[in-house]
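*Asks:* start.csv is reproduced below (CSV, N, CA and C atoms).
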chain,number,residue,atom,x,y,z
O,112,MET,N,12.5,1.5,27.3
O,112,MET,CA,11.7,1.8,26.1
O,112,MET,C,10.6,0.7,26.0
O,113,GLN,N,9.4,1.2,25.9
O,113,GLN,CA,8.2,0.3,25.9
O,113,GLN,C,7.5,0.4,24.5
O,114,PRO,N,6.8,-0.6,24.1
O,114,PRO,CA,6.0,-0.5,22.8
O,114,PRO,C,5.1,0.7,22.9
O,115,GLY,N,5.0,1.4,21.8
O,115,GLY,CA,4.1,2.5,21.6
O,115,GLY,C,4.7,3.8,22.1
O,116,GLU,N,5.9,3.9,22.6
O,116,GLU,CA,6.5,5.1,23.0
O,116,GLU,C,6.9,6.0,21.9
O,117,VAL,N,6.7,7.3,22.0
O,117,VAL,CA,7.0,8.3,21.0
O,117,VAL,C,8.1,9.2,21.7
O,118,PHE,N,9.1,9.5,20.8
O,118,PHE,CA,10.2,10.3,21.3
O,118,PHE,C,10.5,11.4,20.4
O,119,ARG,N,11.2,12.4,20.9
O,119,ARG,CA,11.8,13.5,20.1
O,119,ARG,C,13.2,13.1,19.8
O,120,THR,N,13.6,13.1,18.5
O,120,THR,CA,15.0,12.7,18.1
O,120,THR,C,15.3,13.4,16.8
O,121,LEU,N,16.6,13.3,16.4
O,121,LEU,CA,17.0,13.9,15.1
O,121,LEU,C,16.5,12.8,14.1
O,122,TYR,N,15.8,13.3,13.1
O,122,TYR,CA,15.2,12.4,12.1
O,122,TYR,C,15.4,13.2,10.8
O,123,LEU,N,15.9,12.5,9.8
O,123,LEU,CA,16.1,13.1,8.5
O,123,LEU,C,15.1,12.6,7.5
O,124,TRP,N,14.2,13.5,7.0
O,124,TRP,CA,13.3,13.1,5.9
O,124,TRP,C,14.1,13.0,4.6
O,125,ARG,N,13.7,12.3,3.6
O,125,ARG,CA,14.4,12.1,2.4
O,125,ARG,C,14.7,13.5,1.8
O,126,HIS,N,13.7,14.4,1.7
O,126,HIS,CA,14.0,15.7,1.1
O,126,HIS,C,15.0,16.5,1.9
O,127,GLU,N,15.0,16.3,3.2
O,127,GLU,CA,15.9,17.1,4.1
O,127,GLU,C,17.3,16.5,4.0
O,128,LYS,N,17.4,15.2,3.8
O,128,LYS,CA,18.7,14.5,3.6
O,128,LYS,C,19.4,15.1,2.4
O,129,ALA,N,18.6,15.3,1.3
O,129,ALA,CA,19.2,15.8,0.1
O,129,ALA,C,19.8,17.2,0.3
O,130,ARG,N,19.1,18.0,1.2
O,130,ARG,CA,19.6,19.4,1.5
O,130,ARG,C,20.5,19.5,2.7
O,131,GLY,N,20.7,18.3,3.4
O,131,GLY,CA,21.5,18.3,4.6
O,131,GLY,C,20.9,19.0,5.8
O,132,ARG,N,19.6,19.1,5.8
O,132,ARG,CA,18.9,19.8,6.9
O,132,ARG,C,18.5,18.8,8.0
O,133,LYS,N,18.7,19.1,9.2
O,133,LYS,CA,18.3,18.3,10.3
O,133,LYS,C,17.4,19.1,11.3
O,134,ARG,N,16.4,18.5,11.8
O,134,ARG,CA,15.6,19.2,12.8
O,134,ARG,C,15.1,18.1,13.8
O,135,PRO,N,14.8,18.5,15.1
O,135,PRO,CA,14.3,17.6,16.0
O,135,PRO,C,12.9,17.2,15.5
O,136,ALA,N,12.5,16.0,15.6
O,136,ALA,CA,11.2,15.5,15.2
O,136,ALA,C,10.7,14.5,16.1
O,137,ALA,N,9.4,14.3,16.1
O,137,ALA,CA,8.8,13.2,16.9
O,137,ALA,C,8.7,12.0,16.1
O,138,CYS,N,9.0,10.8,16.7
O,138,CYS,CA,8.9,9.5,16.0
O,138,CYS,C,8.4,8.5,16.9
O,139,LEU,N,7.7,7.5,16.3
O,139,LEU,CA,7.3,6.3,17.0
O,139,LEU,C,8.5,5.4,16.9
O,140,LEU,N,8.9,4.8,18.0
O,140,LEU,CA,10.0,3.9,18.1
O,140,LEU,C,9.4,2.5,18.2
O,141,VAL,N,9.8,1.6,17.2
O,141,VAL,CA,9.5,0.2,17.2
O,141,VAL,C,10.7,-0.6,17.3
O,142,LYS,N,10.9,-1.4,18.4
O,142,LYS,CA,12.1,-2.1,18.5
O,142,LYS,C,11.9,-3.6,18.0
O,143,ALA,N,12.9,-4.1,17.3
O,143,ALA,CA,13.0,-5.4,16.9
O,143,ALA,C,14.5,-5.8,17.0
O,144,PRO,N,15.0,-6.0,18.3
O,144,PRO,CA,16.4,-6.2,18.6
O,144,PRO,C,17.1,-7.1,17.5
O,145,PRO,N,18.2,-6.7,17.1
O,145,PRO,CA,19.0,-5.6,17.5
O,145,PRO,C,18.7,-4.3,16.8
O,146,LEU,N,17.6,-4.2,16.1
O,146,LEU,CA,17.3,-3.0,15.3
O,146,LEU,C,16.2,-2.2,16.0
O,147,ALA,N,16.2,-0.9,15.6
O,147,ALA,CA,15.1,0.0,16.0
O,147,ALA,C,14.6,0.7,14.8
O,148,TYR,N,13.3,0.8,14.7
O,148,TYR,CA,12.6,1.5,13.5
O,148,TYR,C,12.0,2.8,14.0
O,149,LEU,N,12.3,3.9,13.4
O,149,LEU,CA,11.8,5.2,13.8
O,149,LEU,C,10.9,5.7,12.7
O,150,TYR,N,9.6,5.8,13.0
O,150,TYR,CA,8.6,6.3,12.1
O,150,TYR,C,8.2,7.8,12.5
O,151,PRO,N,8.4,8.7,11.5
O,151,PRO,CA,8.2,10.1,11.8
O,151,PRO,C,6.7,10.5,12.0
O,152,ILE,N,6.5,11.5,12.9
O,152,ILE,CA,5.2,12.1,13.1
O,152,ILE,C,5.3,13.5,12.7
O,153,THR,N,4.4,14.0,12.0
O,153,THR,CA,4.4,15.4,11.5
O,153,THR,C,3.1,16.1,11.6
O,154,SER,N,3.0,17.4,11.6
O,154,SER,CA,1.8,18.1,11.6
O,154,SER,C,1.4,18.6,10.2
O,155,THR,N,2.2,18.2,9.2
O,155,THR,CA,2.0,18.5,7.8
O,155,THR,C,1.6,17.3,7.0
O,156,MET,N,0.5,17.5,6.2
O,156,MET,CA,0.1,16.4,5.3
O,156,MET,C,1.3,15.9,4.5
O,157,PRO,N,1.6,14.5,4.5
O,157,PRO,CA,2.7,14.0,3.8
O,157,PRO,C,2.5,14.2,2.3
O,158,PRO,N,3.5,14.8,1.6
O,158,PRO,CA,3.4,15.0,0.2
O,158,PRO,C,3.6,13.7,-0.6
O,159,PRO,N,3.1,13.6,-1.8
O,159,PRO,CA,3.4,12.4,-2.6
O,159,PRO,C,4.8,12.2,-2.9
O,160,VAL,N,5.3,11.0,-3.1
O,160,VAL,CA,6.7,10.7,-3.4
O,160,VAL,C,6.7,10.6,-4.9
O,161,VAL,N,7.6,11.3,-5.6
O,161,VAL,CA,7.8,11.2,-7.0
O,161,VAL,C,8.0,9.7,-7.4
O,162,GLY,N,7.3,9.3,-8.4
O,162,GLY,CA,7.4,7.9,-8.9
O,162,GLY,C,6.7,6.9,-8.0
O,163,ARG,N,6.2,7.3,-6.9
O,163,ARG,CA,5.5,6.3,-6.0
O,163,ARG,C,4.1,6.7,-5.8
O,164,GLY,N,3.8,8.0,-5.8
O,164,GLY,CA,2.5,8.5,-5.6
O,164,GLY,C,1.9,8.4,-4.2
O,165,THR,N,1.0,7.5,-3.9
O,165,THR,CA,0.3,7.4,-2.7
O,165,THR,C,1.2,7.1,-1.5
O,166,ARG,N,0.9,7.8,-0.4
O,166,ARG,CA,1.7,7.6,0.8
O,166,ARG,C,0.9,6.7,1.8
O,167,VAL,N,1.6,6.0,2.7
O,167,VAL,CA,1.0,5.2,3.7
O,167,VAL,C,1.2,6.0,5.1
O,168,PHE,N,0.1,6.5,5.6
O,168,PHE,CA,0.2,7.2,6.9
O,168,PHE,C,-1.2,7.1,7.6
O,169,ILE,N,-1.1,7.4,8.9
O,169,ILE,CA,-2.3,7.4,9.7
O,169,ILE,C,-2.5,8.8,10.3
O,170,VAL,N,-3.7,9.3,10.2
O,170,VAL,CA,-4.0,10.6,10.8
O,170,VAL,C,-4.3,10.2,12.3
O,171,LEU,N,-3.5,10.8,13.2
O,171,LEU,CA,-3.6,10.5,14.6
O,171,LEU,C,-5.0,10.9,15.2
O,172,PRO,N,-5.7,10.0,15.8
O,172,PRO,CA,-6.9,10.5,16.5
O,172,PRO,C,-6.5,11.5,17.6
O,173,GLU,N,-7.4,12.5,17.8
O,173,GLU,CA,-7.1,13.5,18.8
O,173,GLU,C,-6.6,13.0,20.1
O,174,THR,N,-7.2,12.0,20.6
O,174,THR,CA,-6.8,11.4,21.9
O,174,THR,C,-5.4,10.9,21.9
O,175,GLU,N,-5.0,10.2,20.8
O,175,GLU,CA,-3.7,9.7,20.6
O,175,GLU,C,-2.6,10.8,20.5
O,176,ALA,N,-3.0,11.8,19.7
O,176,ALA,CA,-2.1,12.9,19.5
O,176,ALA,C,-1.8,13.6,20.9
O,177,HIS,N,-2.8,13.7,21.7
O,177,HIS,CA,-2.7,14.3,23.0
O,177,HIS,C,-1.8,13.4,23.9
O,178,ARG,N,-1.9,12.1,23.8
O,178,ARG,CA,-1.1,11.2,24.6
O,178,ARG,C,0.4,11.4,24.4
O,179,VAL,N,0.7,11.8,23.1
O,179,VAL,CA,2.2,11.9,22.7
O,179,VAL,C,2.6,13.3,22.5
O,180,ASN,N,1.8,14.3,23.1
O,180,ASN,CA,2.1,15.7,23.1
O,180,ASN,C,2.4,16.2,21.6
O,181,GLN,N,1.5,15.9,20.7
O,181,GLN,CA,1.5,16.4,19.4
O,181,GLN,C,0.3,17.2,19.1
O,182,PRO,N,0.4,18.1,18.0
O,182,PRO,CA,-0.8,18.9,17.6
O,182,PRO,C,-2.0,18.0,17.3
O,183,GLU,N,-3.2,18.6,17.4
O,183,GLU,CA,-4.4,17.8,17.2
O,183,GLU,C,-4.4,17.2,15.8
O,184,THR,N,-3.9,17.9,14.8
O,184,THR,CA,-3.8,17.4,13.4
O,184,THR,C,-2.3,16.9,13.2
O,185,SER,N,-2.1,15.6,13.4
O,185,SER,CA,-0.8,15.0,13.2
O,185,SER,C,-0.9,13.8,12.4
O,186,PHE,N,0.2,13.4,11.7
O,186,PHE,CA,0.2,12.3,10.8
O,186,PHE,C,1.4,11.4,11.2
O,187,LEU,N,1.2,10.1,11.3
O,187,LEU,CA,2.2,9.1,11.5
O,187,LEU,C,2.5,8.5,10.2
O,188,ILE,N,3.8,8.7,9.7
O,188,ILE,CA,4.2,8.3,8.4
O,188,ILE,C,4.6,6.8,8.5
O,189,LEU,N,4.1,5.9,7.7
O,189,LEU,CA,4.4,4.5,7.8
O,189,LEU,C,5.2,4.0,6.6
O,190,ASP,N,5.3,4.8,5.6
O,190,ASP,CA,6.1,4.3,4.4
O,190,ASP,C,7.5,5.0,4.3
O,191,GLU,N,7.9,5.6,5.4
O,191,GLU,CA,9.3,6.1,5.5
O,191,GLU,C,9.7,5.8,6.9
O,192,VAL,N,10.9,5.2,7.0
O,192,VAL,CA,11.4,4.7,8.3
O,192,VAL,C,12.9,4.8,8.3
O,193,ASN,N,13.4,5.3,9.4
O,193,ASN,CA,14.9,5.2,9.7
O,193,ASN,C,15.1,4.0,10.5
O,194,ILE,N,16.1,3.2,10.1
O,194,ILE,CA,16.4,2.0,10.8
O,194,ILE,C,17.8,2.1,11.3
O,195,CYS,N,18.0,1.8,12.6
O,195,CYS,CA,19.3,1.9,13.2
O,195,CYS,C,19.5,0.8,14.2
O,196,ARG,N,20.7,0.6,14.7
O,196,ARG,CA,20.9,-0.3,15.8
O,196,ARG,C,20.4,0.2,17.1
O,197,GLU,N,19.7,-0.7,17.8
O,197,GLU,CA,19.1,-0.2,19.1
O,197,GLU,C,20.2,0.4,20.0
O,198,ASP,N,21.4,-0.1,20.0
O,198,ASP,CA,22.5,0.5,20.8
O,198,ASP,C,22.7,1.9,20.5
O,199,ASP,N,22.6,2.4,19.2
O,199,ASP,CA,22.8,3.7,18.8
O,199,ASP,C,21.8,4.7,19.5
O,200,LEU,N,20.7,4.2,20.0
O,200,LEU,CA,19.7,5.1,20.6
O,200,LEU,C,20.0,5.3,22.1
O,201,ARG,N,21.0,4.6,22.6
O,201,ARG,CA,21.3,4.8,24.0
O,201,ARG,C,22.2,5.9,24.3
O,202,GLN,N,22.6,6.6,23.3
O,202,GLN,CA,23.5,7.8,23.5
O,202,GLN,C,22.8,8.9,24.3
O,203,PRO,N,23.4,9.5,25.3
O,203,PRO,CA,22.7,10.5,26.1
O,203,PRO,C,22.1,11.6,25.2
O,204,GLY,N,20.9,12.0,25.5
O,204,GLY,CA,20.2,13.0,24.8
O,204,GLY,C,19.7,12.7,23.4
O,205,ARG,N,19.9,11.5,23.0
O,205,ARG,CA,19.4,11.1,21.6
O,205,ARG,C,17.9,11.0,21.5
O,206,LEU,N,17.3,10.5,22.6
O,206,LEU,CA,15.8,10.4,22.7
O,206,LEU,C,15.3,11.1,23.9
O,207,VAL,N,14.2,11.8,23.6
O,207,VAL,CA,13.4,12.5,24.7
O,207,VAL,C,12.0,12.0,24.6
O,208,GLN,N,11.5,11.3,25.7
O,208,GLN,CA,10.2,10.7,25.6
O,208,GLN,C,9.1,11.8,25.6
O,209,LEU,N,8.1,11.6,24.7
O,209,LEU,CA,7.0,12.6,24.6
O,209,LEU,C,5.7,12.0,25.2
O,210,GLY,N,5.6,10.6,25.2
O,210,GLY,CA,4.4,10.0,25.7
O,210,GLY,C,4.3,8.6,25.0
O,211,SER,N,3.1,8.0,25.2
O,211,SER,CA,2.9,6.7,24.6
O,211,SER,C,1.5,6.6,24.0
O,212,PHE,N,1.4,5.8,22.9
O,212,PHE,CA,0.1,5.5,22.3
O,212,PHE,C,-0.6,4.5,23.2
O,213,SER,N,-1.9,4.4,23.1
O,213,SER,CA,-2.6,3.4,23.8
O,213,SER,C,-2.2,2.0,23.2
O,214,PRO,N,-2.3,0.9,23.9
O,214,PRO,CA,-2.0,-0.4,23.4
O,214,PRO,C,-2.8,-0.8,22.1
O,215,ASP,N,-4.1,-0.5,22.1
O,215,ASP,CA,-4.9,-0.8,20.9
O,215,ASP,C,-4.4,-0.1,19.7
O,216,PHE,N,-4.2,1.2,19.9
O,216,PHE,CA,-3.7,2.0,18.7
O,216,PHE,C,-2.4,1.6,18.2
O,217,PHE,N,-1.5,1.3,19.2
O,217,PHE,CA,-0.1,0.8,18.8
O,217,PHE,C,-0.2,-0.5,18.0
O,218,ASP,N,-1.0,-1.4,18.5
O,218,ASP,CA,-1.2,-2.7,17.8
O,218,ASP,C,-1.6,-2.5,16.4
O,219,LYS,N,-2.6,-1.7,16.2
O,219,LYS,CA,-3.1,-1.4,14.8
O,219,LYS,C,-2.0,-0.8,14.0
O,220,THR,N,-1.3,0.2,14.6
O,220,THR,CA,-0.2,0.9,13.9
O,220,THR,C,0.9,-0.1,13.5
O,221,ALA,N,1.3,-0.9,14.4
O,221,ALA,CA,2.4,-1.9,14.2
O,221,ALA,C,2.0,-2.8,13.0
O,222,ARG,N,0.8,-3.3,12.9
O,222,ARG,CA,0.4,-4.1,11.8
O,222,ARG,C,0.5,-3.4,10.5
O,223,LEU,N,0.1,-2.1,10.4
O,223,LEU,CA,0.2,-1.3,9.2
O,223,LEU,C,1.6,-1.0,8.9
O,224,ALA,N,2.4,-0.7,9.9
O,224,ALA,CA,3.9,-0.4,9.6
O,224,ALA,C,4.6,-1.7,9.1
O,225,LEU,N,4.2,-2.8,9.6
O,225,LEU,CA,4.8,-4.1,9.1
O,225,LEU,C,4.4,-4.3,7.6
O,226,ALA,N,3.2,-4.1,7.3
O,226,ALA,CA,2.7,-4.2,5.9
O,226,ALA,C,3.4,-3.2,5.0
O,227,ALA,N,3.6,-2.0,5.4
O,227,ALA,CA,4.2,-1.0,4.6
O,227,ALA,C,5.7,-1.3,4.4
O,228,LEU,N,6.3,-1.9,5.5
O,228,LEU,CA,7.7,-2.2,5.4
O,228,LEU,C,8.0,-3.4,4.4
O,229,LYS,N,7.0,-4.3,4.3
O,229,LYS,CA,7.1,-5.4,3.3
O,229,LYS,C,6.7,-5.0,1.9
O,230,ALA,N,6.1,-3.8,1.7
O,230,ALA,CA,5.7,-3.4,0.4
O,230,ALA,C,7.0,-3.2,-0.5
O,231,PRO,N,7.0,-3.6,-1.7
O,231,PRO,CA,8.1,-3.5,-2.6
O,231,PRO,C,8.6,-2.1,-2.9
O,232,ALA,N,7.7,-1.2,-2.9
O,232,ALA,CA,8.0,0.2,-3.2
O,232,ALA,C,8.7,1.0,-2.0
O,233,LEU,N,8.7,0.4,-0.8
O,233,LEU,CA,9.2,1.1,0.3
O,233,LEU,C,10.7,0.9,0.4
O,234,ALA,N,11.4,2.0,0.4
O,234,ALA,CA,12.9,1.9,0.6
O,234,ALA,C,13.2,2.7,1.9
O,235,PRO,N,13.8,2.0,2.9
O,235,PRO,CA,14.1,2.8,4.1
O,235,PRO,C,14.9,4.0,3.9
O,236,ALA,N,14.7,5.1,4.7
O,236,ALA,CA,15.4,6.3,4.5
O,236,ALA,C,16.9,6.2,4.9
Go ahead and render the structure in this file as structure tokens.

*Replies:*
Amino acid sequence: MQPGEVFRTLYLWRHEKARGRKRPAACLLVKAPPLAYLYPITSTMPPPVVGRGTRVFIVLPETEAHRVNQPETSFLILDEVNICREDDLRQPGRLVQLGSFSPDFFDKTARLALAALKAPALAPA
């Protein structure tokens, strides 16, 4: 697993967690051993969060969406993250690689993700 790689995996959004719904989703994987941070990618505009309002996300440039096999209009959510142990991702079939972001785009994204993670309103999923 290299920086900037995007995978298909089971990812629970907050609203799906409440309903118990699971679906395969695309996520950016950011490793910080022994932890892994999974940031969801969606083709739907992220809705506001009750009590928090504004969301932190990036609209993927068309070239980056193409690199990771996502629709032209895709959003990388940075204010919602699943955190797990890196070892948990090694289970067979847990991750299916979809592609990789360019190094420049990943660097920009990593800085924004770190800032969002440090924001007091962010609570990991």

*Asks:* Which residue gives the smallest distance to Pro114 of chain O among O:Glu191, O:Ser154, O:Pro214, O:Ile169, with only N, CA and C atoms counted?

*Replies:*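 So, comparing all the options, the nearest one is O:Pro214.
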
*Asks:* Applying 5 Å and all atoms listed in the file, which residues near Ala147 of chain O remain after dropping the ones on its own chain fewer than 2 positions away? List them as a ChimeraX atom specification.

*Replies:* /O:141-143,145,149,194-197

*Asks:* Would you mind telling me which residue in O:Ala221, O:Ala136, O:Leu146, O:Leu187 lies nearest to Gly115 of chain O when using only C-alpha atoms?

*Replies:*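 With only C-alpha atoms as the atom set, the closest residue is O:Ala221.
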
*Asks:* Given only C-alpha atoms as the basis, pick out the residue of O:Leu223, O:Val161, O:Val167, O:Ile152 nearest to Asp190 of chain O.

*Replies:*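 So, comparing all the options, the nearest one is O:Val167.
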
*Asks:* Quick one: distance from atom CA of Pro182 of chain O to atom CA of Leu209 of chain O in Å, one decimal?

*Replies:*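 According to the coordinates, atom CA of Pro182 of chain O and atom CA of Leu209 of chain O are separated by 12.2 Å.
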
*Asks:* Using atom CA of Gln208 of chain O and atom CA of Ala227 of chain O as the two end points, give the distance in Å to one decimal.

*Replies:*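 Between these atoms lies a distance of 24.8 Å.
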
*Asks:* What's the separation between atom N of Val179 of chain O and atom C of Met156 of chain O, in Å to one decimal place?

*Replies:*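 Straight-line distance from atom N of Val179 of chain O to atom C of Met156 of chain O works out to 19.1 Å.
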